[in-house]
Structure formats: C-alpha cells, structure tokens
Amino acid sequence: MKKENKKEKEDNQIIYKIVIPALICIIILLVILIAILLSKRFDNHLYDDNNYYDNTNNINNDNNTNTDDNYITKDEALDIALKNIDASKSKTYDIDIEFDYKYNLYVYEVDFKYNQYEYEYYINATTGEIIHSFKEWD
C-alpha cells in the first residue's frame, strides 16, 4: 500500500510540474492567436502586388491616387497639415503622402519636414479631419 501511495504522489507531482504548466502555455498561445485573428478581421482590405482592394472590391492604385470623388486629394491633405502649423509649402521638404486604411477609415498619412522638425499627420480622407499628429526634432 505504501509503495502505491508513493507512486501516486510521484505521478501527481509530474502532473503539477509538467502537464499543468504546459496547459497554461497552450492556453496563452491560443489567446494570442485569437487576438491576432481578431485584429486581422477588422482590417477590411487586402493587398495584391501594387494594388489594394477595399471591402467593396473597388481597386485603387498604390501610387497614392484615388479616383473616388468622395475623398480629398493628396494636396488638400498636405494643405490641412501645413495649415495646422502655419507652415508654407515652399519651406517644407521630404514630403511623403500615402493613402491608407487605418483607424477603421481611409486616411492620408502625411509626413514632411519643416523648420528642423519632422511631422506626421493622419488625415481623414473623407472629411479632412486631423485624426493624429506627431512632431519630433529632426
């Protein structure tokens, strides 16, 4: 009897030391996988080479032009960002403007340098509202 009890205790120790931590690791990995899958679910467009397709299957070129009259233009997005800091277009440099899908809406990501600072703006492509802005020393 005592030998059997000792064997059962050893078996239980193996369960507590190996099996339970392994199960906890598996649960953690499953939670991470679910979080990744859910985050991808809300990304409503797919990329294919130089084009992307929005959730209505309309194709837009990756050269940052859009053909939808409901969106502001790249120049208008830049003007909105520059107006926000009272900057002139002639004194800005390293300007980069991309049409993208972030924050569950279409935005222009406007990056530029002005007066020894680097600026980053996300501007709602439909309304022209500034969604995000960031400024750092260049």
# chains A, B, ... in the order shown; residues from 1 in each chain; ligands from 1
>>> residues_around(residues="region 74-80 of chain A", least_positions_apart="5", cutoff="7 Å", atoms="only C-alpha atoms", output="PyMOL selection string")
chain A and resi 97+108+110+123+128
>>> write_last_selection(atoms="N, CA and C atoms", output="short mmCIF file (atom, residue, chain, number, x, y, z; two decimals), in the first residue's frame")
data_model
loop_
_atom_site.label_atom_id
_atom_site.label_comp_id
_atom_site.auth_asym_id
_atom_site.auth_seq_id
_atom_site.Cartn_x
_atom_site.Cartn_y
_atom_site.Cartn_z
N ILE A 97 3.26 61.43 -48.88
CA ILE A 97 1.82 61.33 -48.62
C ILE A 97 1.34 59.99 -49.14
N TYR A 108 -5.12 59.81 -45.17
CA TYR A 108 -3.85 60.16 -45.79
C TYR A 108 -2.83 60.24 -44.68
N VAL A 110 0.45 61.83 -43.91
CA VAL A 110 1.23 62.95 -44.45
C VAL A 110 2.47 63.13 -43.58
N ILE A 123 -4.84 62.09 -41.73
CA ILE A 123 -5.97 62.96 -42.04
C ILE A 123 -7.07 62.12 -42.68
N GLY A 128 -11.42 65.32 -44.07
CA GLY A 128 -10.31 66.24 -43.93
C GLY A 128 -9.94 66.51 -42.47
#
>>> atom_distance(atom1="CA of Asn124 (chain A)", atom2="CA of Thr92 (chain A)")
21.3 Å
>>> atom_distance(atom1="CA of Ala125 (chain A)", atom2="CA of Asp111 (chain A)")
15.0 Å
>>> atom_distance(atom1="CA of Ile15 (chain A)", atom2="CA of Ile28 (chain A)")
18.5 Å
